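What's in model_26.cif: mmCIF, C-alpha atoms
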```cif
data_input
loop_
_atom_site.label_atom_id
_atom_site.label_comp_id
_atom_site.auth_asym_id
_atom_site.auth_seq_id
_atom_site.Cartn_x
_atom_site.Cartn_y
_atom_site.Cartn_z
CA MET F 1 78.01 12.74 154.43
CA GLY F 2 77.76 10.38 157.41
CA GLN F 3 76.84 6.74 156.75
CA ALA F 4 77.77 6.64 153.04
CA PHE F 5 81.19 8.11 153.84
CA SER F 6 81.74 5.72 156.77
CA ASP F 7 80.80 2.62 154.76
CA THR F 8 83.07 3.65 151.90
CA ALA F 9 86.01 4.35 154.18
CA LYS F 10 85.72 0.91 155.83
CA LYS F 11 85.61 -0.91 152.49
CA GLU F 12 88.52 1.11 151.12
CA ASP F 13 90.61 0.41 154.23
CA SER F 14 90.23 -3.29 153.49
CA GLY F 15 91.28 -2.75 149.88
CA ASP F 16 87.89 -3.81 148.49
CA LEU F 17 87.82 -1.13 145.81
CA GLU F 18 85.44 -2.79 143.35
CA SER F 19 82.86 -3.54 146.06
CA SER F 20 83.09 0.02 147.38
CA PHE F 21 82.51 1.50 143.91
CA THR F 22 79.66 -0.88 143.10
CA ASP F 23 77.86 -0.41 146.42
CA TYR F 24 77.94 3.38 146.11
CA PHE F 25 76.22 3.48 142.71
CA LYS F 26 73.71 0.79 143.69
CA LYS F 27 72.23 3.26 146.19
CA ILE F 28 71.60 5.88 143.50
CA LYS F 29 68.45 5.71 141.36
CA THR F 30 69.01 5.17 137.64
CA GLU F 31 67.42 8.52 136.72
CA ASN F 32 69.81 10.33 139.08
CA LYS F 33 73.12 8.74 138.02
CA ILE F 34 75.51 11.15 136.30
CA ILE F 35 77.51 8.49 134.42
CA PRO F 36 76.12 5.75 132.12
CA ARG F 37 75.72 2.17 133.29
CA GLU F 38 78.30 0.93 130.77
CA THR F 39 80.91 3.34 132.20
CA ILE F 40 80.20 2.15 135.74
CA ARG F 41 80.57 -1.46 134.62
CA SER F 42 83.85 -0.71 132.82
CA ILE F 43 85.35 0.86 135.96
CA GLU F 44 84.15 -2.10 138.06
CA LEU F 45 85.90 -4.55 135.69
CA HIS F 46 89.20 -2.65 135.91
CA LEU F 47 88.99 -2.66 139.70
CA THR F 48 88.16 -6.39 139.78
CA LYS F 49 91.27 -7.11 137.71
CA GLY F 50 93.35 -4.87 139.98
CA ASP F 51 94.17 -2.54 137.07
CA ILE F 52 94.27 0.68 139.11
CA ARG F 53 95.71 2.82 136.33
CA ALA F 54 92.96 1.81 133.88
CA ALA F 55 90.26 2.45 136.50
CA LYS F 56 91.70 5.89 137.25
CA SER F 57 91.86 6.68 133.53
CA ALA F 58 88.22 5.63 133.02
CA ILE F 59 87.04 7.84 135.92
CA THR F 60 89.11 10.76 134.60
CA ASP F 61 87.53 10.38 131.14
CA ALA F 62 84.02 10.14 132.64
CA LEU F 63 84.49 13.34 134.68
CA LYS F 64 85.97 15.18 131.68
CA ASN F 65 83.04 14.07 129.53
CA ILE F 66 80.59 15.44 132.13
CA ASP F 67 82.44 18.77 132.17
CA ASP F 68 82.86 19.14 128.40
CA ILE F 69 79.77 17.59 126.79
CA PRO F 70 77.50 20.28 125.27
CA ILE F 71 73.79 20.63 126.06
CA ASN F 72 71.61 22.40 123.49
CA ILE F 73 67.98 23.25 124.23
CA ALA F 74 65.64 24.52 121.52
CA VAL F 75 62.86 26.91 122.58
CA THR F 76 60.18 27.78 120.05
CA GLY F 77 56.76 29.37 119.98
CA GLU F 78 54.92 32.22 118.33
CA SER F 79 55.65 35.88 119.16
CA GLY F 80 54.21 36.75 122.58
CA ALA F 81 54.44 33.20 123.93
CA GLY F 82 57.07 34.21 126.49
CA LYS F 83 60.13 32.62 124.87
CA SER F 84 62.54 35.34 126.01
CA SER F 85 61.21 35.27 129.58
CA PHE F 86 61.48 31.47 129.65
CA ILE F 87 65.06 31.54 128.35
CA ASN F 88 66.04 34.21 130.89
CA ALA F 89 64.41 32.18 133.66
CA LEU F 90 66.36 29.04 132.72
CA ARG F 91 69.58 31.07 132.60
CA GLY F 92 68.86 32.70 135.96
CA VAL F 93 69.17 36.25 134.60
CA GLY F 94 66.90 39.28 134.89
CA HIS F 95 65.33 40.92 131.85
CA GLU F 96 67.59 43.97 132.25
CA ASP F 97 70.80 42.02 132.88
CA LYS F 98 73.62 42.08 130.34
CA GLY F 99 73.16 39.41 127.70
CA ALA F 100 69.51 38.75 128.58
CA ALA F 101 67.09 37.76 125.85
CA LYS F 102 65.05 40.83 124.91
CA VAL F 103 61.51 40.75 126.28
CA GLY F 104 58.50 42.32 124.57
CA VAL F 105 60.12 42.55 121.14
CA VAL F 106 57.97 41.62 118.14
CA GLU F 107 59.58 38.67 116.40
CA THR F 108 60.80 39.34 112.88
CA THR F 109 63.98 37.24 112.69
CA MET F 110 64.17 34.13 110.57
CA LYS F 111 67.34 32.95 112.33
CA ARG F 112 67.92 31.04 115.55
CA THR F 113 69.61 32.94 118.39
CA PRO F 114 71.93 31.23 120.95
CA TYR F 115 72.06 32.21 124.64
CA LYS F 116 74.84 30.74 126.78
CA HIS F 117 74.17 29.94 130.43
CA PRO F 118 76.23 32.39 132.57
CA LYS F 119 77.51 29.68 134.96
CA ILE F 120 77.38 26.45 132.94
CA LYS F 121 79.34 27.28 129.79
CA THR F 122 78.45 24.03 128.03
CA LEU F 123 74.70 24.81 128.18
CA THR F 124 73.15 26.81 125.33
CA LEU F 125 69.50 27.76 124.90
CA TRP F 126 68.42 28.46 121.33
CA ASP F 127 65.60 30.90 120.57
CA LEU F 128 64.00 29.55 117.41
CA PRO F 129 61.59 31.56 115.25
CA GLY F 130 58.00 30.32 115.46
CA ILE F 131 57.01 27.88 112.77
CA GLY F 132 54.26 30.27 111.70
CA THR F 133 56.87 33.01 111.13
CA MET F 134 58.90 30.90 108.70
CA LYS F 135 55.84 29.53 106.88
CA PHE F 136 57.44 26.15 106.21
CA PRO F 137 55.95 22.67 106.67
CA PRO F 138 57.17 21.09 109.96
CA LYS F 139 59.76 18.82 108.31
CA ASP F 140 61.32 21.68 106.32
CA TYR F 141 61.21 23.94 109.38
CA LEU F 142 63.17 21.42 111.46
CA GLU F 143 65.82 21.13 108.75
CA LYS F 144 66.13 24.92 108.53
CA VAL F 145 66.72 25.29 112.30
CA LYS F 146 69.15 22.29 112.34
CA PHE F 147 67.00 20.04 114.54
CA GLN F 148 69.70 17.37 114.88
CA GLU F 149 71.84 19.67 117.06
CA TYR F 150 69.36 19.90 119.97
CA ASP F 151 68.91 17.57 122.92
CA PHE F 152 65.19 18.40 123.11
CA PHE F 153 62.58 21.00 122.13
CA VAL F 154 60.40 23.16 124.37
CA LEU F 155 57.26 24.36 122.57
CA LEU F 156 55.67 27.39 124.24
CA SER F 157 52.22 28.90 123.87
CA ALA F 158 50.42 31.64 125.82
CA THR F 159 47.01 30.62 124.45
CA ARG F 160 46.21 27.52 122.42
CA PHE F 161 48.66 25.45 120.43
CA THR F 162 48.05 25.93 116.72
CA LYS F 163 47.71 23.03 114.30
CA LEU F 164 51.12 23.91 112.85
CA GLU F 165 52.69 23.68 116.33
CA LEU F 166 51.04 20.33 117.02
CA ASP F 167 52.18 19.04 113.63
CA LEU F 168 55.67 20.27 114.54
CA ALA F 169 55.54 18.29 117.81
CA LYS F 170 54.62 15.14 115.89
CA ALA F 171 57.43 15.74 113.40
CA ILE F 172 59.92 16.15 116.26
CA ARG F 173 58.82 12.84 117.77
CA PHE F 174 58.99 11.16 114.35
CA MET F 175 62.63 12.25 114.16
CA LYS F 176 63.27 10.63 117.55
CA LYS F 177 63.70 13.82 119.56
CA ASN F 178 61.88 14.73 122.76
CA TYR F 179 59.54 17.72 122.94
CA TYR F 180 57.72 19.35 125.87
CA LEU F 181 54.55 21.40 125.48
CA VAL F 182 54.53 24.35 127.88
CA ARG F 183 51.59 26.70 128.46
CA THR F 184 53.00 30.02 129.69
CA LYS F 185 51.49 33.02 131.52
CA ILE F 186 49.25 30.81 133.61
CA ASP F 187 49.42 33.38 136.42
CA VAL F 188 47.70 35.93 134.16
CA ASP F 189 44.89 33.47 133.37
CA LEU F 190 44.34 32.63 137.02
CA GLU F 191 44.29 36.30 138.01
CA ASN F 192 41.72 37.09 135.31
CA GLU F 193 39.55 34.17 136.44
CA LYS F 194 39.75 35.41 140.03
CA LYS F 195 38.63 38.89 138.98
CA ASP F 196 35.76 37.55 136.91
CA LYS F 197 34.56 35.03 139.54
CA PRO F 198 35.76 36.25 142.95
CA HIS F 199 33.19 34.18 144.90
CA THR F 200 33.45 30.87 143.05
CA PHE F 201 37.13 30.98 142.09
CA ASP F 202 38.78 27.58 142.61
CA ARG F 203 42.41 27.50 141.45
CA LYS F 204 42.76 23.71 141.50
CA GLU F 205 39.52 23.16 139.59
CA ILE F 206 40.44 25.72 136.90
CA LEU F 207 43.86 24.18 136.34
CA GLN F 208 42.32 20.72 136.10
CA LYS F 209 39.80 21.91 133.48
CA MET F 210 42.55 23.55 131.46
CA GLU F 211 44.69 20.41 131.62
CA ASN F 212 41.77 18.22 130.50
CA TYR F 213 41.07 20.58 127.60
CA TYR F 214 44.66 20.49 126.35
CA ILE F 215 45.01 16.72 126.77
CA ASN F 216 41.78 16.09 124.83
CA THR F 217 42.91 18.49 122.10
CA LEU F 218 46.28 16.76 121.82
CA LYS F 219 44.70 13.31 121.70
CA THR F 220 42.29 14.47 119.02
CA ASN F 221 45.34 15.45 116.97
CA GLY F 222 46.72 11.93 117.26
CA MET F 223 49.33 12.54 119.97
CA ASP F 224 49.81 9.60 122.34
CA ALA F 225 50.25 10.12 126.11
CA PRO F 226 50.73 13.91 125.81
CA GLN F 227 52.07 15.98 128.69
CA ILE F 228 51.32 19.66 129.21
CA PHE F 229 53.14 21.89 131.68
CA PHE F 230 51.56 25.10 133.06
CA ILE F 231 54.11 27.71 134.14
CA SER F 232 54.55 31.35 135.08
CA ASN F 233 57.83 32.88 133.95
CA ASN F 234 57.38 35.52 136.67
CA ASN F 235 57.10 32.99 139.52
CA LEU F 236 58.92 29.75 138.77
CA SER F 237 58.05 28.03 142.04
CA VAL F 238 54.32 27.86 141.25
CA CYS F 239 52.46 25.41 139.03
CA ASP F 240 54.46 22.98 136.86
CA PHE F 241 57.89 24.57 136.41
CA PRO F 242 59.52 22.36 139.09
CA ARG F 243 57.84 19.28 137.56
CA LEU F 244 59.03 20.32 134.09
CA MET F 245 62.63 20.64 135.32
CA LYS F 246 62.44 17.25 137.06
CA THR F 247 61.14 15.67 133.84
CA LEU F 248 63.92 17.23 131.74
CA VAL F 249 66.57 15.98 134.18
CA LYS F 250 65.14 12.45 134.09
CA ASP F 251 64.97 12.36 130.29
CA LEU F 252 68.49 13.65 129.62
CA PRO F 253 71.38 11.21 129.05
CA ASN F 254 73.35 10.46 132.25
CA GLN F 255 76.47 12.39 131.30
CA LYS F 256 74.45 15.56 130.47
CA ARG F 257 72.31 15.38 133.59
CA HIS F 258 74.88 16.80 136.02
CA SER F 259 75.53 20.12 134.24
CA PHE F 260 71.83 20.69 133.58
CA VAL F 261 70.97 20.11 137.26
CA LEU F 262 73.65 22.60 138.32
CA SER F 263 72.21 25.19 135.92
CA LEU F 264 68.79 25.24 137.62
CA SER F 265 67.74 28.15 139.80
CA ASN F 266 67.19 27.70 143.54
CA ILE F 267 63.42 28.04 143.29
CA THR F 268 62.63 25.27 145.80
CA GLU F 269 64.49 23.31 148.46
CA ALA F 270 63.96 20.21 146.31
CA ALA F 271 65.90 21.92 143.49
CA ILE F 272 68.74 22.71 145.90
CA ASP F 273 68.73 19.11 147.17
CA ARG F 274 68.91 17.83 143.60
CA LYS F 275 71.99 20.00 142.95
CA HIS F 276 73.50 18.84 146.23
CA LYS F 277 73.07 15.14 145.43
CA SER F 278 74.40 15.51 141.89
CA MET F 279 77.46 17.39 143.14
CA GLN F 280 77.97 14.70 145.82
CA GLN F 281 78.33 12.08 143.07
CA TYR F 282 80.87 14.20 141.23
CA ILE F 283 82.90 14.82 144.40
CA TRP F 284 82.72 11.11 145.32
CA MET F 285 84.21 10.16 141.94
CA GLU F 286 86.95 12.78 142.26
CA ALA F 287 87.74 11.55 145.76
CA PHE F 288 87.73 7.89 144.67
CA LYS F 289 90.11 8.73 141.81
CA SER F 290 92.42 10.57 144.23
CA GLY F 291 92.35 7.53 146.49
CA LEU F 292 93.36 5.32 143.57
CA LEU F 293 96.24 7.68 142.88
CA ALA F 294 97.54 7.06 146.40
CA THR F 295 97.70 3.28 145.76
CA LEU F 296 100.24 3.72 142.97
CA PRO F 297 103.72 2.98 144.44
CA ALA F 298 105.56 5.83 142.69
CA VAL F 299 103.02 8.55 143.38
CA GLY F 300 102.55 10.24 146.73
CA ILE F 301 99.62 12.23 148.07
CA LEU F 302 99.56 15.87 147.04
CA ARG F 303 98.58 18.14 149.94
CA ASP F 304 95.70 20.53 149.34
CA ASP F 305 96.87 24.03 150.08
CA VAL F 306 94.71 26.91 151.26
CA GLU F 307 94.38 28.43 147.79
CA LYS F 308 93.04 25.19 146.30
CA LEU F 309 90.51 24.96 149.10
CA LYS F 310 89.38 28.51 148.39
CA VAL F 311 88.92 27.69 144.70
CA LYS F 312 86.74 24.67 145.57
CA LEU F 313 84.63 26.62 148.06
CA ASN F 314 84.14 29.57 145.71
CA HIS F 315 83.15 27.19 142.89
CA TYR F 316 80.41 25.66 145.05
CA ARG F 317 79.24 29.09 146.20
CA VAL F 318 78.85 30.22 142.58
CA LEU F 319 76.93 27.08 141.60
CA PHE F 320 74.49 27.53 144.49
CA GLY F 321 74.14 31.30 144.08
CA VAL F 322 75.69 32.30 147.43
CA ASP F 323 78.92 33.81 146.05
CA ASP F 324 79.86 37.41 146.84
CA GLU F 325 78.50 38.77 143.55
CA SER F 326 75.14 37.05 144.02
CA LEU F 327 74.89 38.25 147.63
CA GLU F 328 75.56 41.84 146.53
CA VAL F 329 72.79 41.63 143.92
CA MET F 330 70.46 40.14 146.53
CA ALA F 331 71.28 42.89 149.02
CA LYS F 332 70.77 45.59 146.38
CA ASN F 333 67.38 44.20 145.38
CA SER F 334 66.36 43.95 149.04
CA LYS F 335 67.74 47.42 149.86
CA VAL F 336 69.82 46.17 152.77
CA PRO F 337 73.60 46.15 153.41
CA VAL F 338 75.35 43.07 152.05
CA GLU F 339 76.75 42.42 155.54
CA GLN F 340 73.18 41.92 156.72
CA VAL F 341 72.69 39.18 154.13
CA LYS F 342 76.00 37.51 155.02
CA LYS F 343 75.09 37.37 158.71
CA ILE F 344 72.46 34.69 158.14
CA ILE F 345 74.75 32.28 156.22
CA LYS F 346 78.03 30.48 156.98
CA SER F 347 79.99 29.81 153.79
CA PRO F 348 81.59 33.29 153.45
CA TYR F 349 83.36 32.67 156.77
CA LEU F 350 84.21 28.99 156.34
CA LEU F 351 87.87 29.63 155.56
CA GLU F 352 88.53 32.29 158.18
CA THR F 353 91.71 31.88 160.28
CA LYS F 354 90.26 29.85 163.17
CA LYS F 355 88.27 27.56 160.91
CA MET F 356 91.26 27.19 158.57
CA GLU F 357 93.43 26.10 161.49
CA THR F 358 90.91 23.32 162.18
CA LEU F 359 90.88 22.23 158.53
CA ASP F 360 94.66 22.48 158.29
CA GLY F 361 94.98 20.23 161.32
CA LYS F 362 92.91 17.60 159.52
CA LEU F 363 95.14 17.95 156.46
CA LEU F 364 98.34 17.48 158.47
CA LYS F 365 96.91 14.31 159.96
CA PHE F 366 97.12 12.70 156.52
CA ALA F 367 100.30 14.41 155.28
CA SER F 368 102.60 11.51 156.17
CA VAL F 369 100.44 8.88 154.45
CA ASN F 370 102.00 7.74 151.17
CA GLY F 371 101.07 4.84 148.88
CA GLY F 372 99.47 1.47 149.55
CA LEU F 373 95.85 0.30 149.85
CA LEU F 374 95.45 1.61 153.40
CA ALA F 375 96.45 5.06 152.17
CA THR F 376 93.59 4.97 149.69
CA GLY F 377 91.02 4.90 152.46
CA LEU F 378 92.73 7.65 154.44
CA TYR F 379 93.12 9.96 151.46
CA PHE F 380 89.57 9.22 150.38
CA ARG F 381 88.27 10.27 153.80
CA LYS F 382 90.29 13.46 153.76
CA THR F 383 89.24 14.57 150.27
CA PHE F 384 85.64 13.52 150.73
CA TYR F 385 85.34 15.23 154.10
CA LEU F 386 86.79 18.58 153.02
CA GLN F 387 84.80 18.91 149.79
CA LEU F 388 81.54 17.67 151.30
CA LEU F 389 81.94 20.02 154.25
CA PHE F 390 82.04 22.89 151.76
CA LEU F 391 79.16 21.48 149.71
CA ASP F 392 76.91 20.84 152.72
CA THR F 393 77.51 24.34 154.08
CA VAL F 394 76.85 26.07 150.75
CA ALA F 395 73.68 24.03 150.08
CA GLU F 396 72.33 24.89 153.53
CA ASP F 397 73.14 28.57 152.93
CA ALA F 398 71.11 28.45 149.70
CA LYS F 399 68.16 27.01 151.64
CA VAL F 400 68.46 29.64 154.37
CA LEU F 401 68.30 32.44 151.79
CA LEU F 402 65.37 30.77 150.03
CA ARG F 403 63.43 30.49 153.31
CA GLU F 404 64.13 34.11 154.13
CA ALA F 405 63.04 35.22 150.68
CA TYR F 406 59.67 33.44 150.88
CA SER F 407 58.88 33.89 154.56
CA LYS F 408 57.04 37.19 154.04
CA PRO F 409 56.31 37.96 150.38
CA SER F 410 56.70 41.52 149.19
CA SER F 411 55.99 42.93 145.76
CA ASN F 412 58.94 45.30 145.93
CA SER F 413 61.71 42.83 146.67
CA THR F 414 62.97 39.54 145.34
CA HIS F 415 64.15 38.84 148.91
CA PRO F 416 61.24 40.22 150.95
CA GLN F 417 62.23 38.91 154.36
CA LEU F 418 65.58 40.68 154.19
CA LEU F 419 63.70 43.86 153.34
CA THR F 420 61.34 43.23 156.24
CA MET F 421 64.34 42.93 158.58
CA ASP F 422 65.56 46.32 157.37
CA LYS F 423 62.12 47.87 157.87
CA CYS F 424 61.96 46.49 161.39
CA TYR F 425 65.28 48.15 162.16
CA SER F 426 64.06 51.47 160.74
CA TYR F 427 60.84 51.19 162.71
CA LEU F 428 62.68 50.59 165.99
CA MET F 429 64.94 53.59 165.36
CA SER F 430 61.90 55.79 164.66
CA LEU F 431 60.13 54.52 167.77
CA THR F 432 63.21 55.24 169.88
CA GLY F 433 63.35 58.78 168.54
CA PHE F 434 59.66 59.30 169.28
CA VAL F 435 60.06 58.11 172.87
CA VAL F 436 63.01 60.48 173.42
CA ILE F 437 61.03 63.46 172.08
CA CYS F 438 58.06 62.62 174.34
CA PHE F 439 60.36 62.40 177.37
CA VAL F 440 61.93 65.82 176.62
CA LEU F 441 58.52 67.43 176.14
CA PHE F 442 57.29 65.90 179.41
CA TYR F 443 60.46 67.05 181.25
CA LEU F 444 60.01 70.63 179.98
CA GLY F 445 56.36 70.60 181.03
CA LEU F 446 55.20 71.01 177.45
CA TRP F 447 53.15 67.80 177.48
#
```

How does this structure look as structure tokens?
Amino acid sequence: MGQAFSDTAKKEDSGDLESSFTDYFKKIKTENKIIPRETIRSIELHLTKGDIRAAKSAITDALKNIDDIPINIAVTGESGAGKSSFINALRGVGHEDKGAAKVGVVETTMKRTPYKHPKIKTLTLWDLPGIGTMKFPPKDYLEKVKFQEYDFFVLLSATRFTKLELDLAKAIRFMKKNYYLVRTKIDVDLENEKKDKPHTFDRKEILQKMENYYINTLKTNGMDAPQIFFISNNNLSVCDFPRLMKTLVKDLPNQKRHSFVLSLSNITEAAIDRKHKSMQQYIWMEAFKSGLLATLPAVGILRDDVEKLKVKLNHYRVLFGVDDESLEVMAKNSKVPVEQVKKIIKSPYLLETKKMETLDGKLLKFASVNGGLLATGLYFRKTFYLQLLFLDTVAEDAKVLLREAYSKPSSNSTHPQLLTMDKCYSYLMSLTGFVVICFVLFYLGLW
């Protein structure tokens, strides 16, 4: 929030809008940009010509496109490959949650089944019947499942990929769609290897051998530069799931990248940082557009009221999984009071009276500013500061909860450290009671 914000504010104060816009996006890697290069160039041209209204309109359209554009992901594989678990993992839902894909059900359907993401409404995951189930050649199979509707395909296998599946992958590529081969249940394989060879077990060596085997098999079947991802649907942070998500983000079109990044679970701090950076871009564009609005002579600055601030903060909390509903689920799973979870984070209290007075003071500082190029910089600072303050706080809260969850693993809790805190409290209470009993017995001469 510091240097990038400061540089932008200085350039905006001088009225150098085009330079400010250009410099900001130059600092962002191509694979991380959330709007296409041609859109960026179009906005730059409007700003160079001094056409503020056209620039504002272009930014508005770009943001609306990001919010509205659909993302459709096809997931296929034979029965038992872990399709349902994979879909639930991508949607961030438990197997017993409402609307979850059913796990452990023998596949008999010949139809595709859609599953909407609970937070990102434009994202749909499609459970496709395995190609072996439909008994069609790859080309006919793709037509039956309406291949043209999907952004990419994820092909899952819990053992070896069949010839039909490999032929399907080649057909997908021939039709100019991306596919990703994913080997599931790798945790089960590693555990079995460890049981069979407890003294010589080498996790890294086993994974390397498996990868070499799959790559050689794929090359033998005429597939150039194949990639294989090893994952465990039960523990997303291990093996290649983070690498798979990073690859999917990089390969998606710019305008679809933002919503997909926000849909990802907080399995690593890197995943949280990726969400944070993507949301920063979105906020920056909103703030820049608001600043442009202030340069229009007939339009004044609209003050953000408390309710609008609450909506923004709650939106960020939901996206990063630190909203009240998520905290209650976390507390329930960890068997601790929700207040105990809230004590270690800051965002639930960000808009309390004292903190609101501080924020309101910053709002009033800009309330008299109205119109002109200088106003653009001031309004930009205000909007950027308030929204990024919320975003930074929420992202840090997500990291705090992640660190707590993984600090001391426990098989009985998805947030083991919180459970450990509760056990420590119970232990201290028991110890206190024991000491009191010993003292009474000693006092009565019974010890």

- Polymer residues at most 12 Å from F:Arg257, all atoms listed in the file, same-chain spacing of 4 or more positions, as number ranges by chain: F: 30-36, 65-67, 69-71, 122-123, 151, 245-253, 261-264, 274-275, 277-279, 281-282

- Selection result for the PyMOL selection byres ((chain F and resi 205-212) around 12) on this file, as a PyMOL selection string: chain F and resi 159-160+181-183+186-187+189-194+197+200-204+213-219+226-231+239-240

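Separating atom CA of F:Lys177 from atom CA of F:Leu156 is a distance of 16.4 Å.
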
- At what distance in Å, to one decimal, does atom CA of F:Glu269 lie from atom CA of F:Arg37? 28.3 Å

What box, with edges along x, y and z, holds each listed atom of stretch 321-330 of chain F when 5 Å is added on every side, and can you state its centre and edge lengths in Å to one decimal, as AutoDock Vina command-line options?
```
--center_x 75.2 --center_y 36.6 --center_z 145.6 --size_x 19.4 --size_y 20.5 --size_z 14.1
```

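Of the residues listed (F:Lys139, F:Lys185, F:Arg317, F:Lys399), F:Lys139 shows the shortest atom-to-atom separation from F:Leu168; distances use all atoms listed in the file.
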
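Taking atom CA of F:Val103 and atom CA of F:Gln148 as endpoints, the distance between them is 27.3 Å.
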
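A cut-off of 8 Å from the point (65.6, 28.8, 111.6), with all atoms listed in the file, picks out the residues F:Met110, F:Lys111, F:Arg112, F:Leu128, F:Pro129, F:Met134, F:Tyr141, F:Leu142, F:Lys144, F:Val145, F:Lys146.
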
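With all atoms listed in the file as the atoms that count, the minimum distance from F:Val341 to the choices F:Ala405, F:Phe260, F:Ala287, F:Ile272 is reached by F:Ala405.
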
- For F:Leu402: contacts at 8 Å, all atoms listed in the file, fewer than 6 positions along chain excluded, given as number ranges by chain: F: 266-269

- Residues near F:Glu18, cut-off 12 Å, all atoms listed in the file, skip fewer than 4 positions along chain, as a ChimeraX atom specification: /F:8,11-12,14,22-25,40-52,55,288,292

For the contact check between stretch 228-326 of chain F and stretch 73-94 of chain F, emit one row per residue of stretch 228-326 of chain F within 9 Å, containing the shortest atom pair and the distance in Å rounded to one decimal, counting all atoms listed in the file, chain then rising number order, as a Markdown table.
```
| residue | atom | partner | partner_atom | distance |
| --- | --- | --- | --- | --- |
| F:Ser232 | CA | F:Phe86 | CA | 8.8 |
| F:Asn233 | CA | F:Phe86 | CA | 5.8 |
| F:Asn234 | CA | F:Ser85 | CA | 8.1 |
| F:Leu236 | CA | F:Ala89 | CA | 7.9 |
| F:Ser263 | CA | F:Arg91 | CA | 7.2 |
| F:Leu264 | CA | F:Leu90 | CA | 6.7 |
| F:Ser265 | CA | F:Gly92 | CA | 6.1 |
```
